[in-house]
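Novice: Here you go, data34.txt (compact mmCIF, N, CA and C atoms):
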# COMPACT_ATOMS: atom_id res chain seq x y z
N MET A 11 -69.75 -12.88 -10.84
CA MET A 11 -68.75 -11.99 -10.31
C MET A 11 -67.36 -12.52 -10.58
N SER A 12 -66.70 -11.78 -11.30
CA SER A 12 -65.33 -12.20 -11.56
C SER A 12 -64.40 -11.37 -10.67
N THR A 13 -63.54 -12.01 -10.05
CA THR A 13 -62.57 -11.29 -9.22
C THR A 13 -61.19 -11.47 -9.85
N LEU A 14 -60.53 -10.38 -9.95
CA LEU A 14 -59.17 -10.42 -10.50
C LEU A 14 -58.19 -10.65 -9.35
N ARG A 15 -57.42 -11.59 -9.55
CA ARG A 15 -56.40 -11.85 -8.55
C ARG A 15 -55.09 -11.22 -9.02
N ARG A 16 -54.46 -10.56 -8.10
CA ARG A 16 -53.17 -9.95 -8.43
C ARG A 16 -52.10 -11.04 -8.38
N ALA A 17 -51.30 -11.10 -9.40
CA ALA A 17 -50.25 -12.11 -9.46
C ALA A 17 -49.19 -11.80 -8.41
N ALA A 18 -48.68 -12.82 -7.77
CA ALA A 18 -47.63 -12.64 -6.77
C ALA A 18 -46.35 -12.23 -7.48
N GLY A 19 -45.63 -11.29 -6.90
CA GLY A 19 -44.37 -10.85 -7.49
C GLY A 19 -44.26 -9.34 -7.43
N TYR A 20 -43.22 -8.83 -8.07
CA TYR A 20 -42.95 -7.40 -8.06
C TYR A 20 -43.22 -6.82 -9.43
N SER A 21 -43.60 -5.59 -9.44
CA SER A 21 -43.85 -4.92 -10.71
C SER A 21 -42.52 -4.47 -11.32
N LEU A 22 -42.54 -4.17 -12.58
CA LEU A 22 -41.34 -3.72 -13.27
C LEU A 22 -40.81 -2.44 -12.65
N MET A 23 -41.68 -1.56 -12.25
CA MET A 23 -41.27 -0.28 -11.66
C MET A 23 -40.54 -0.52 -10.33
N GLU A 24 -41.01 -1.43 -9.52
CA GLU A 24 -40.36 -1.73 -8.24
C GLU A 24 -38.95 -2.29 -8.46
N ILE A 25 -38.83 -3.15 -9.45
CA ILE A 25 -37.52 -3.73 -9.76
C ILE A 25 -36.56 -2.66 -10.25
N LEU A 26 -37.02 -1.75 -11.10
CA LEU A 26 -36.17 -0.67 -11.61
C LEU A 26 -35.72 0.26 -10.50
N VAL A 27 -36.60 0.55 -9.54
CA VAL A 27 -36.23 1.42 -8.42
C VAL A 27 -35.13 0.75 -7.58
N VAL A 28 -35.29 -0.54 -7.32
CA VAL A 28 -34.28 -1.28 -6.55
C VAL A 28 -32.94 -1.28 -7.29
N LEU A 29 -32.96 -1.51 -8.61
CA LEU A 29 -31.73 -1.49 -9.39
C LEU A 29 -31.07 -0.12 -9.38
N ALA A 30 -31.86 0.92 -9.44
CA ALA A 30 -31.32 2.28 -9.38
C ALA A 30 -30.65 2.54 -8.03
N ILE A 31 -31.27 2.10 -6.96
CA ILE A 31 -30.68 2.28 -5.62
C ILE A 31 -29.37 1.50 -5.50
N ILE A 32 -29.37 0.27 -6.01
CA ILE A 32 -28.14 -0.54 -5.97
C ILE A 32 -27.04 0.13 -6.79
N GLY A 33 -27.38 0.69 -7.92
CA GLY A 33 -26.40 1.39 -8.76
C GLY A 33 -25.79 2.58 -8.06
N VAL A 34 -26.60 3.38 -7.39
CA VAL A 34 -26.10 4.56 -6.67
C VAL A 34 -25.19 4.13 -5.52
N LEU A 35 -25.62 3.12 -4.77
CA LEU A 35 -24.79 2.64 -3.66
C LEU A 35 -23.45 2.09 -4.14
N THR A 36 -23.47 1.41 -5.28
CA THR A 36 -22.23 0.85 -5.83
C THR A 36 -21.27 1.95 -6.25
N THR A 37 -21.78 2.99 -6.89
CA THR A 37 -20.90 4.07 -7.33
C THR A 37 -20.28 4.81 -6.16
N VAL A 38 -20.90 4.79 -5.01
CA VAL A 38 -20.34 5.42 -3.82
C VAL A 38 -19.42 4.46 -3.08
N ALA A 39 -19.81 3.20 -2.96
CA ALA A 39 -19.09 2.25 -2.12
C ALA A 39 -17.78 1.76 -2.75
N VAL A 40 -17.75 1.50 -4.04
CA VAL A 40 -16.56 0.92 -4.66
C VAL A 40 -15.35 1.84 -4.56
N PRO A 41 -15.44 3.13 -4.91
CA PRO A 41 -14.26 3.99 -4.75
C PRO A 41 -13.81 4.12 -3.30
N SER A 42 -14.75 4.14 -2.37
CA SER A 42 -14.38 4.22 -0.95
C SER A 42 -13.63 2.97 -0.53
N TYR A 43 -14.07 1.81 -0.98
CA TYR A 43 -13.40 0.57 -0.65
C TYR A 43 -12.00 0.53 -1.26
N GLN A 44 -11.86 0.98 -2.51
CA GLN A 44 -10.56 0.99 -3.16
C GLN A 44 -9.59 1.92 -2.42
N LYS A 45 -10.07 3.05 -1.98
CA LYS A 45 -9.24 3.99 -1.22
C LYS A 45 -8.80 3.35 0.09
N TYR A 46 -9.71 2.65 0.76
CA TYR A 46 -9.39 1.97 2.01
C TYR A 46 -8.34 0.88 1.77
N ALA A 47 -8.52 0.09 0.73
CA ALA A 47 -7.57 -0.99 0.42
C ALA A 47 -6.20 -0.41 0.08
N ARG A 48 -6.15 0.70 -0.66
CA ARG A 48 -4.89 1.35 -1.02
C ARG A 48 -4.18 1.85 0.24
N SER A 49 -4.91 2.46 1.15
CA SER A 49 -4.28 2.99 2.37
C SER A 49 -3.78 1.85 3.26
N THR A 50 -4.47 0.71 3.25
CA THR A 50 -4.02 -0.43 4.03
C THR A 50 -2.69 -0.96 3.50
N VAL A 51 -2.57 -1.13 2.21
CA VAL A 51 -1.33 -1.62 1.61
C VAL A 51 -0.22 -0.60 1.81
N ARG A 52 -0.52 0.69 1.64
CA ARG A 52 0.48 1.73 1.85
C ARG A 52 0.99 1.71 3.29
N SER A 53 0.09 1.51 4.24
CA SER A 53 0.47 1.44 5.65
C SER A 53 1.41 0.26 5.90
N GLN A 54 1.10 -0.89 5.31
CA GLN A 54 1.97 -2.06 5.45
C GLN A 54 3.35 -1.79 4.84
N ALA A 55 3.37 -1.11 3.70
CA ALA A 55 4.64 -0.78 3.05
C ALA A 55 5.46 0.18 3.90
N MET A 56 4.81 1.15 4.52
CA MET A 56 5.52 2.09 5.37
C MET A 56 6.05 1.41 6.63
N GLN A 57 5.31 0.44 7.16
CA GLN A 57 5.81 -0.33 8.30
C GLN A 57 7.05 -1.13 7.91
N PHE A 58 7.00 -1.72 6.72
CA PHE A 58 8.16 -2.47 6.23
C PHE A 58 9.37 -1.55 6.08
N MET A 59 9.16 -0.36 5.56
CA MET A 59 10.28 0.58 5.38
C MET A 59 10.84 1.04 6.73
N ALA A 60 9.98 1.21 7.73
CA ALA A 60 10.46 1.58 9.06
C ALA A 60 11.30 0.44 9.65
N GLU A 61 10.85 -0.80 9.43
CA GLU A 61 11.60 -1.96 9.90
C GLU A 61 12.94 -2.05 9.18
N LEU A 62 12.94 -1.76 7.88
CA LEU A 62 14.18 -1.77 7.10
C LEU A 62 15.15 -0.75 7.67
N ALA A 63 14.68 0.44 8.01
CA ALA A 63 15.54 1.48 8.57
C ALA A 63 16.12 1.04 9.92
N GLN A 64 15.31 0.39 10.74
CA GLN A 64 15.80 -0.09 12.03
C GLN A 64 16.87 -1.18 11.84
N GLN A 65 16.62 -2.08 10.89
CA GLN A 65 17.60 -3.14 10.62
C GLN A 65 18.91 -2.54 10.08
N GLN A 66 18.79 -1.50 9.28
CA GLN A 66 19.99 -0.84 8.75
C GLN A 66 20.82 -0.25 9.91
N GLU A 67 20.15 0.37 10.87
CA GLU A 67 20.87 0.96 12.00
C GLU A 67 21.55 -0.11 12.84
N ARG A 68 20.87 -1.23 13.04
CA ARG A 68 21.50 -2.35 13.78
C ARG A 68 22.73 -2.87 13.02
N TYR A 69 22.57 -3.02 11.71
CA TYR A 69 23.68 -3.48 10.88
C TYR A 69 24.84 -2.50 10.96
N PHE A 70 24.54 -1.21 10.94
CA PHE A 70 25.58 -0.18 11.01
C PHE A 70 26.34 -0.26 12.33
N LEU A 71 25.62 -0.49 13.42
CA LEU A 71 26.28 -0.59 14.73
C LEU A 71 27.27 -1.75 14.77
N ASP A 72 26.93 -2.84 14.11
CA ASP A 72 27.81 -4.02 14.11
C ASP A 72 28.95 -3.92 13.10
N ASN A 73 28.70 -3.29 11.94
CA ASN A 73 29.64 -3.33 10.83
C ASN A 73 30.24 -1.98 10.43
N GLN A 74 29.79 -0.91 11.02
CA GLN A 74 30.27 0.45 10.69
C GLN A 74 30.03 0.83 9.23
N THR A 75 29.06 0.18 8.62
CA THR A 75 28.62 0.52 7.27
C THR A 75 27.17 0.04 7.13
N TYR A 76 26.46 0.60 6.16
CA TYR A 76 25.09 0.18 5.93
C TYR A 76 25.05 -0.98 4.94
N ALA A 77 24.06 -1.82 5.04
CA ALA A 77 23.90 -2.97 4.16
C ALA A 77 23.40 -2.52 2.79
N GLY A 78 23.86 -3.21 1.76
CA GLY A 78 23.47 -2.88 0.40
C GLY A 78 22.34 -3.72 -0.14
N SER A 79 21.86 -4.70 0.66
CA SER A 79 20.77 -5.55 0.18
C SER A 79 19.94 -6.07 1.36
N LEU A 80 18.76 -6.55 1.04
CA LEU A 80 17.89 -7.12 2.07
C LEU A 80 18.47 -8.41 2.63
N THR A 81 19.19 -9.17 1.80
CA THR A 81 19.76 -10.42 2.30
C THR A 81 20.81 -10.17 3.37
N GLN A 82 21.57 -9.09 3.24
CA GLN A 82 22.53 -8.75 4.29
C GLN A 82 21.82 -8.41 5.59
N LEU A 83 20.62 -7.87 5.48
CA LEU A 83 19.84 -7.51 6.68
C LEU A 83 19.03 -8.68 7.20
N LYS A 84 18.99 -9.77 6.42
CA LYS A 84 18.14 -10.93 6.75
C LYS A 84 16.69 -10.48 6.91
N LEU A 85 16.24 -9.72 5.94
CA LEU A 85 14.91 -9.13 5.97
C LEU A 85 14.14 -9.55 4.73
N LEU A 86 12.91 -10.00 4.92
CA LEU A 86 12.05 -10.39 3.80
C LEU A 86 10.95 -9.36 3.63
N MET A 87 10.63 -9.08 2.39
CA MET A 87 9.53 -8.18 2.08
C MET A 87 8.22 -8.93 2.28
N PRO A 88 7.27 -8.38 3.03
CA PRO A 88 5.98 -9.07 3.23
C PRO A 88 5.28 -9.34 1.89
N ALA A 89 4.60 -10.45 1.81
CA ALA A 89 3.96 -10.87 0.55
C ALA A 89 2.94 -9.85 0.08
N GLU A 90 2.15 -9.29 0.99
CA GLU A 90 1.13 -8.32 0.59
C GLU A 90 1.76 -7.06 0.01
N VAL A 91 2.90 -6.66 0.55
CA VAL A 91 3.61 -5.48 0.02
C VAL A 91 4.24 -5.83 -1.32
N ALA A 92 4.80 -7.03 -1.45
CA ALA A 92 5.45 -7.45 -2.69
C ALA A 92 4.47 -7.54 -3.86
N LYS A 93 3.19 -7.76 -3.56
CA LYS A 93 2.18 -7.81 -4.63
C LYS A 93 1.98 -6.44 -5.28
N HIS A 94 2.24 -5.37 -4.54
CA HIS A 94 1.91 -4.04 -5.01
C HIS A 94 3.11 -3.11 -5.21
N TYR A 95 4.28 -3.48 -4.64
CA TYR A 95 5.47 -2.64 -4.75
C TYR A 95 6.64 -3.48 -5.23
N SER A 96 7.56 -2.83 -5.95
CA SER A 96 8.78 -3.51 -6.37
C SER A 96 9.70 -3.67 -5.15
N ALA A 97 10.70 -4.52 -5.30
CA ALA A 97 11.67 -4.69 -4.22
C ALA A 97 12.34 -3.34 -3.95
N PRO A 98 12.65 -3.05 -2.70
CA PRO A 98 13.22 -1.73 -2.40
C PRO A 98 14.58 -1.54 -3.06
N SER A 99 14.79 -0.36 -3.58
CA SER A 99 16.11 -0.02 -4.12
C SER A 99 16.90 0.63 -2.98
N LEU A 100 18.05 0.06 -2.69
CA LEU A 100 18.89 0.56 -1.61
C LEU A 100 20.09 1.29 -2.20
N THR A 101 20.33 2.49 -1.70
CA THR A 101 21.51 3.26 -2.08
C THR A 101 22.32 3.49 -0.82
N VAL A 102 23.59 3.11 -0.87
CA VAL A 102 24.46 3.22 0.30
C VAL A 102 25.67 4.07 -0.08
N ALA A 103 26.04 5.00 0.81
CA ALA A 103 27.25 5.80 0.63
C ALA A 103 28.11 5.66 1.88
N SER A 104 29.42 5.79 1.71
CA SER A 104 30.30 5.55 2.85
C SER A 104 30.85 6.82 3.50
N ASN A 105 30.90 7.92 2.80
CA ASN A 105 31.49 9.11 3.39
C ASN A 105 30.63 10.34 3.14
N PRO A 106 29.86 10.78 4.07
CA PRO A 106 29.55 10.20 5.38
C PRO A 106 28.63 8.99 5.20
N PRO A 107 28.63 8.07 6.18
CA PRO A 107 27.79 6.88 6.06
C PRO A 107 26.31 7.25 6.00
N ARG A 108 25.64 6.75 4.97
CA ARG A 108 24.21 7.02 4.84
C ARG A 108 23.59 5.98 3.91
N PHE A 109 22.27 5.87 3.98
CA PHE A 109 21.55 4.99 3.08
C PHE A 109 20.22 5.63 2.72
N GLU A 110 19.67 5.16 1.65
CA GLU A 110 18.34 5.56 1.21
C GLU A 110 17.68 4.34 0.59
N ALA A 111 16.41 4.12 0.94
CA ALA A 111 15.66 3.00 0.37
C ALA A 111 14.34 3.53 -0.19
N GLN A 112 13.95 2.99 -1.35
CA GLN A 112 12.71 3.41 -1.98
C GLN A 112 11.90 2.21 -2.43
N LEU A 113 10.59 2.34 -2.27
CA LEU A 113 9.63 1.37 -2.82
C LEU A 113 8.83 2.07 -3.89
N HIS A 114 8.69 1.43 -5.03
CA HIS A 114 7.92 2.01 -6.13
C HIS A 114 6.72 1.11 -6.41
N PRO A 115 5.53 1.69 -6.61
CA PRO A 115 4.35 0.86 -6.94
C PRO A 115 4.55 0.15 -8.27
N LEU A 116 4.08 -1.07 -8.33
CA LEU A 116 4.14 -1.83 -9.58
C LEU A 116 3.10 -1.28 -10.56
N THR A 117 3.46 -1.21 -11.82
CA THR A 117 2.51 -0.71 -12.82
C THR A 117 1.40 -1.72 -13.07
N SER A 118 1.66 -3.00 -12.77
CA SER A 118 0.62 -4.01 -12.98
C SER A 118 -0.40 -4.04 -11.84
N SER A 119 -0.10 -3.35 -10.76
CA SER A 119 -1.01 -3.31 -9.60
C SER A 119 -1.91 -2.11 -9.75
N GLY A 120 -3.05 -2.30 -10.36
CA GLY A 120 -3.94 -1.21 -10.72
C GLY A 120 -4.38 -0.33 -9.59
N ASN A 121 -4.65 -0.89 -8.40
CA ASN A 121 -5.18 -0.04 -7.34
C ASN A 121 -4.12 0.81 -6.67
N MET A 122 -2.83 0.59 -6.96
CA MET A 122 -1.77 1.41 -6.36
C MET A 122 -1.22 2.44 -7.34
N LEU A 123 -1.72 2.44 -8.57
CA LEU A 123 -1.25 3.42 -9.54
C LEU A 123 -1.54 4.83 -9.06
N GLY A 124 -0.58 5.69 -9.22
CA GLY A 124 -0.76 7.07 -8.79
C GLY A 124 -0.52 7.27 -7.30
N ASP A 125 -0.13 6.21 -6.61
CA ASP A 125 0.08 6.33 -5.16
C ASP A 125 1.41 6.97 -4.83
N GLY A 126 2.40 6.80 -5.65
CA GLY A 126 3.70 7.40 -5.40
C GLY A 126 4.65 6.45 -4.70
N SER A 127 5.92 6.81 -4.69
CA SER A 127 6.95 6.00 -4.07
C SER A 127 7.02 6.29 -2.58
N ILE A 128 7.57 5.33 -1.85
CA ILE A 128 7.80 5.49 -0.42
C ILE A 128 9.31 5.45 -0.21
N ARG A 129 9.83 6.41 0.52
CA ARG A 129 11.27 6.54 0.69
C ARG A 129 11.59 6.69 2.17
N VAL A 130 12.72 6.11 2.58
CA VAL A 130 13.22 6.31 3.94
C VAL A 130 14.74 6.39 3.84
N ASP A 131 15.34 7.13 4.77
CA ASP A 131 16.80 7.23 4.77
C ASP A 131 17.34 7.05 6.18
N ASN A 132 18.65 7.26 6.35
CA ASN A 132 19.27 7.01 7.64
C ASN A 132 18.80 7.97 8.72
N ARG A 133 18.16 9.05 8.35
CA ARG A 133 17.57 9.94 9.35
C ARG A 133 16.21 9.43 9.79
N GLN A 134 15.81 8.29 9.22
CA GLN A 134 14.53 7.62 9.49
C GLN A 134 13.36 8.57 9.26
N LYS A 135 13.49 9.33 8.24
CA LYS A 135 12.44 10.26 7.86
C LYS A 135 11.71 9.68 6.64
N PRO A 136 10.50 9.16 6.84
CA PRO A 136 9.79 8.59 5.68
C PRO A 136 9.22 9.69 4.80
N TRP A 137 9.35 9.51 3.52
CA TRP A 137 8.82 10.45 2.54
C TRP A 137 7.97 9.68 1.55
N ARG A 138 6.95 10.37 1.04
CA ARG A 138 6.17 9.81 -0.07
C ARG A 138 6.28 10.77 -1.24
N HIS A 139 6.57 10.21 -2.40
CA HIS A 139 6.64 11.01 -3.63
C HIS A 139 5.37 10.74 -4.42
N TYR A 140 4.74 11.79 -4.90
CA TYR A 140 3.51 11.64 -5.67
C TYR A 140 3.79 11.80 -7.14
Reformat the file's structure so that it appears as structure tokens.

Specialist:
Amino acid sequence: MSTLRRAAGYSLMEILVVLAIIGVLTTVAVPSYQKYARSTVRSQAMQFMAELAQQQERYFLDNQTYAGSLTQLKLLMPAEVAKHYSAPSLTVASNPPRFEAQLHPLTSSGNMLGDGSIRVDNRQKPWRHY
């Protein structure tokens, strides 16, 4: 009587099914994660812009004009925001007093491409340009 022993391990079909499942999960999970990461960075950038607007108003109360640079405001751009956005461009006008600041996504930051610019002005109205 010869008895065949089944070799320990998985069959080729079982391995292919597992790989197919992993592939489907990856195609769903990766874009969702990228969207989540993009919204997190965008949220941090919008918080920075809100802080910039508040600092501008404080500066205006003391100096009767808006600051033309971050150094005048003693404000640093957070490192995580600086990785994905250029330094804010500040536009200041004196009559009537007003300012506008914009952040533009860096072209080298692949996951922020197509996200659009973030803008805030002295009315503290944040805008996003697509």

Novice: Atom C of Ala97 of chain A and atom C of Met122 of chain A, how far apart in Å?

Specialist: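 Between these atoms lies a distance of 15.1 Å.
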
Novice: Applying 7 Å and only C-alpha atoms, which residues near Leu100 of chain A remain after dropping the ones on its own chain fewer than 4 positions away? List them as a CSV table (one decimal) with N, CA and C atoms, keeping the file's coordinate frame.

Specialist:
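That gives us around_5.csv:
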chain,number,residue,atom,x,y,z
A,78,GLY,N,23.9,-3.2,1.8
A,78,GLY,CA,23.5,-2.9,0.4
A,78,GLY,C,22.3,-3.7,-0.1
A,79,SER,N,21.9,-4.7,0.7
A,79,SER,CA,20.8,-5.6,0.2
A,79,SER,C,19.9,-6.1,1.4
A,109,PHE,N,22.3,5.9,4.0
A,109,PHE,CA,21.6,5.0,3.1
A,109,PHE,C,20.2,5.6,2.7
A,110,GLU,N,19.7,5.2,1.6
A,110,GLU,CA,18.3,5.6,1.2
A,110,GLU,C,17.7,4.3,0.6
A,111,ALA,N,16.4,4.1,0.9
A,111,ALA,CA,15.7,3.0,0.4
A,111,ALA,C,14.3,3.5,-0.2
A,112,GLN,N,14.0,3.0,-1.4
A,112,GLN,CA,12.7,3.4,-2.0
A,112,GLN,C,11.9,2.2,-2.4

Novice: Leaving out segment 44-55 of chain A and any residue of its chain fewer than 5 positions from it, which residues lie within 9 Å of it when counting only C-alpha atoms, given as number ranges by chain?

Specialist: A: 39, 60, 87-88, 90-92, 94-95, 113, 121-122, 125, 128

Novice: If DSSP is run on the backbone, what residues of segment 31-98 of chain A are alpha helix (DSSP H)? A reply as a PyMOL selection string would be ideal.

Specialist: chain A and resi 31-73+80-83+89-94

Novice: Atom N of Met56 of chain A and atom N of His114 of chain A, how far apart in Å?

Specialist: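 Between atom N of His114 of chain A and atom N of Met56 of chain A the gap is 10.3 Å.
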
Novice: Suppose you want the space between atom C of Pro98 of chain A and atom N of Phe70 of chain A; what is it in Å?

Specialist: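 We find that atom C of Pro98 of chain A and atom N of Phe70 of chain A lie 17.2 Å from each other.
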
Novice: Apply DSSP to the structure's backbone, then extract all residues of chain A labelled strand (DSSP E) and return them as a list in words.

Specialist: Ser99, Leu100, Thr101, Val102, Ala103, Ser104, Pro107, Arg108, Phe109, Glu110, Ala111, Gln112, Leu113, Ser127, Ile128, Arg129, Val130, Asp131, Trp137, Arg138 and His139 of chain A

Novice: For Gln66 of chain A, which residue among A:Met23, A:Ala30, A:Ala89, A:Leu83 is the nearest when counting all atoms listed in the file?

Specialist: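 Nearest candidate to Gln66 of chain A out of A:Met23, A:Ala30, A:Ala89, A:Leu83: A:Leu83.
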
Novice: Please, what is the axis-aligned box for every listed atom of segment 39-42 of chain A with 8 Å on each side, as centre and edge lengths in Å to one decimal, as lines of an AutoDock Vina configuration file?

Specialist:
center_x = -16.7
center_y = 2.6
center_z = -2.7
size_x = 22.2
size_y = 19.3
size_z = 20.4

Novice: Which one of A:Ser118, A:Leu62, A:Leu85, A:Tyr76 sits closest to Ala103 of chain A if you count only N, CA and C atoms?

Specialist: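 Of the candidates, the smallest distance to Ala103 of chain A is held by A:Tyr76.
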